[in-house]
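In what follows, a structure is listed as structure tokens, so that the remarks can point back to it.
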Amino acid sequence: MIGNRNLSTTFERLTVDAIHRLTMFADYFQFVAMDVDSGDDFSALWTDEALERMVAVGSSAVSLGTLRNVDVEVEIHVVDELPKLPLAEYDHVAEGSFDTPTGSLAVMGCTGFLPDAYRVDVPPGSYQFLYLVRGVGSVTDESSPANDLYILYIARGEERPPTLIKHWKAAIQPELLP
């Protein structure tokens with residue numbers, strides 16, 4: 001009670017959007033975001049369809065393809081809901097879902113050491129993701145410097161199948177394709 005007034009306060013859990021900017025070693029042209037207890041085997045998940053999407057999805061992990069086999073710039077966005085973004089700003093777009101039973105995501109190169117992995121803590125549960133790639137036109141080969149950027153948005157949501165929305169090969173001139 002303050003003075004002669006009763007104060008009643010209601011606290012609501014507010015989610016604050018978080019952006020994690022990392023330089024990640026994309027060994028074997030990929031990096032992973034996985035629940036720390038994930039048992040997913042990506043050797044079985046990198047199918048022809050996953051290669052086309054540049055995304056291999058397990059039950060509690062996602063492996064994200066890159067165009068270079070060196071350190072790459074990565075952003076992980078933890079948001080309340082997946083954004084609706086103009087596709088013209090991105091070269092490659094895919095979506096899907098995964099679970100994180102522990103709420104502790106490890107983000108690392110596929111040959112990284114789990115205890116040393118960067119951690120992103122989220123409430124345990126099911127998450128949808130949106131994977132975006134831009135700067136494809138700056139990539140000249142697998143190891144030269146470039147301005148490519150790999151962006152992963154995650155938001156709580158129900159399961160959805162992995163889907164390719166836009167392929168990066170459509171974003172560059174046909175004469176530059178391998």
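Residues are named by chain letter and number: chains run A, B, ... in the order of the structure tokens, numbers start at 1 in each chain, and ligands are numbered from 1 in the order shown.
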Residue contacts of range 17-24 of chain A (8 Å, only C-alpha atoms) excluding same-chain residues fewer than 6 positions away, as a list in words: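 Once the adjacent positions are removed, what remains is Phe31, Asp71, Val72, Glu73, Val74, Glu75, Ile76, His77, Val78, Val79, Asp80, Met108 and Gly109 of chain A.
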Those same residues, written as a compact mmCIF listing (two decimals), in the first residue's frame with C-alpha atoms?
```txt
# COMPACT_ATOMS: atom_id res chain seq x y z
CA PHE A 31 27.39 -24.93 -39.37
CA ASP A 71 35.03 -18.48 -41.40
CA VAL A 72 31.68 -16.91 -42.34
CA GLU A 73 29.51 -14.26 -40.74
CA VAL A 74 26.39 -15.62 -39.04
CA GLU A 75 23.45 -13.98 -37.30
CA ILE A 76 21.06 -15.87 -35.04
CA HIS A 77 17.83 -13.96 -34.33
CA VAL A 78 15.58 -15.20 -31.51
CA VAL A 79 12.18 -13.58 -32.09
CA ASP A 80 8.55 -13.88 -30.99
CA MET A 108 29.13 -24.33 -34.04
CA GLY A 109 30.86 -25.67 -37.11
```
Using DSSP secondary structure from the backbone, list all strand (DSSP E) positions within range 39-117 of chain A, as number ranges by chain. A: 55-57, 61-65, 71-78, 92-100, 104-109
File dump, residues just selected, C-alpha atoms, as a short mmCIF file (atom, residue, chain, number, x, y, z; two decimals), in the first residue's frame:
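Saved to again-v9.cif:
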```cif
data_model
loop_
_atom_site.label_atom_id
_atom_site.label_comp_id
_atom_site.auth_asym_id
_atom_site.auth_seq_id
_atom_site.Cartn_x
_atom_site.Cartn_y
_atom_site.Cartn_z
CA VAL A 55 19.41 -27.10 -44.80
CA ALA A 56 19.43 -30.54 -43.18
CA VAL A 57 16.89 -30.89 -40.39
CA ALA A 61 19.09 -29.86 -34.72
CA VAL A 62 19.47 -28.03 -37.98
CA SER A 63 22.59 -27.97 -40.16
CA LEU A 64 22.85 -24.89 -42.35
CA GLY A 65 24.80 -24.93 -45.59
CA ASP A 71 35.03 -18.48 -41.40
CA VAL A 72 31.68 -16.91 -42.34
CA GLU A 73 29.51 -14.26 -40.74
CA VAL A 74 26.39 -15.62 -39.04
CA GLU A 75 23.45 -13.98 -37.30
CA ILE A 76 21.06 -15.87 -35.04
CA HIS A 77 17.83 -13.96 -34.33
CA VAL A 78 15.58 -15.20 -31.51
CA HIS A 92 18.53 -18.00 -50.66
CA VAL A 93 15.60 -18.69 -48.31
CA ALA A 94 14.49 -21.89 -46.56
CA GLU A 95 12.33 -22.72 -43.57
CA GLY A 96 11.50 -25.61 -41.27
CA SER A 97 11.34 -26.56 -37.60
CA PHE A 98 13.16 -28.40 -34.83
CA ASP A 99 12.78 -29.03 -31.08
CA THR A 100 15.03 -28.02 -28.23
CA SER A 104 20.14 -24.75 -24.70
CA LEU A 105 21.21 -24.45 -28.34
CA ALA A 106 24.82 -25.03 -29.33
CA VAL A 107 25.89 -23.14 -32.46
CA MET A 108 29.13 -24.33 -34.04
CA GLY A 109 30.86 -25.67 -37.11
#
```
All alpha helix (DSSP H) residues (DSSP, backbone) inside range 29-137 of chain A, as a PyMOL selection string: chain A and resi 42-45+48-53
Find the distance between CA of Ala44 in chain A and CA of Thr66 in chain A and write it in Å to one decimal.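 Rounded to one decimal, the two atoms are 18.4 Å apart.
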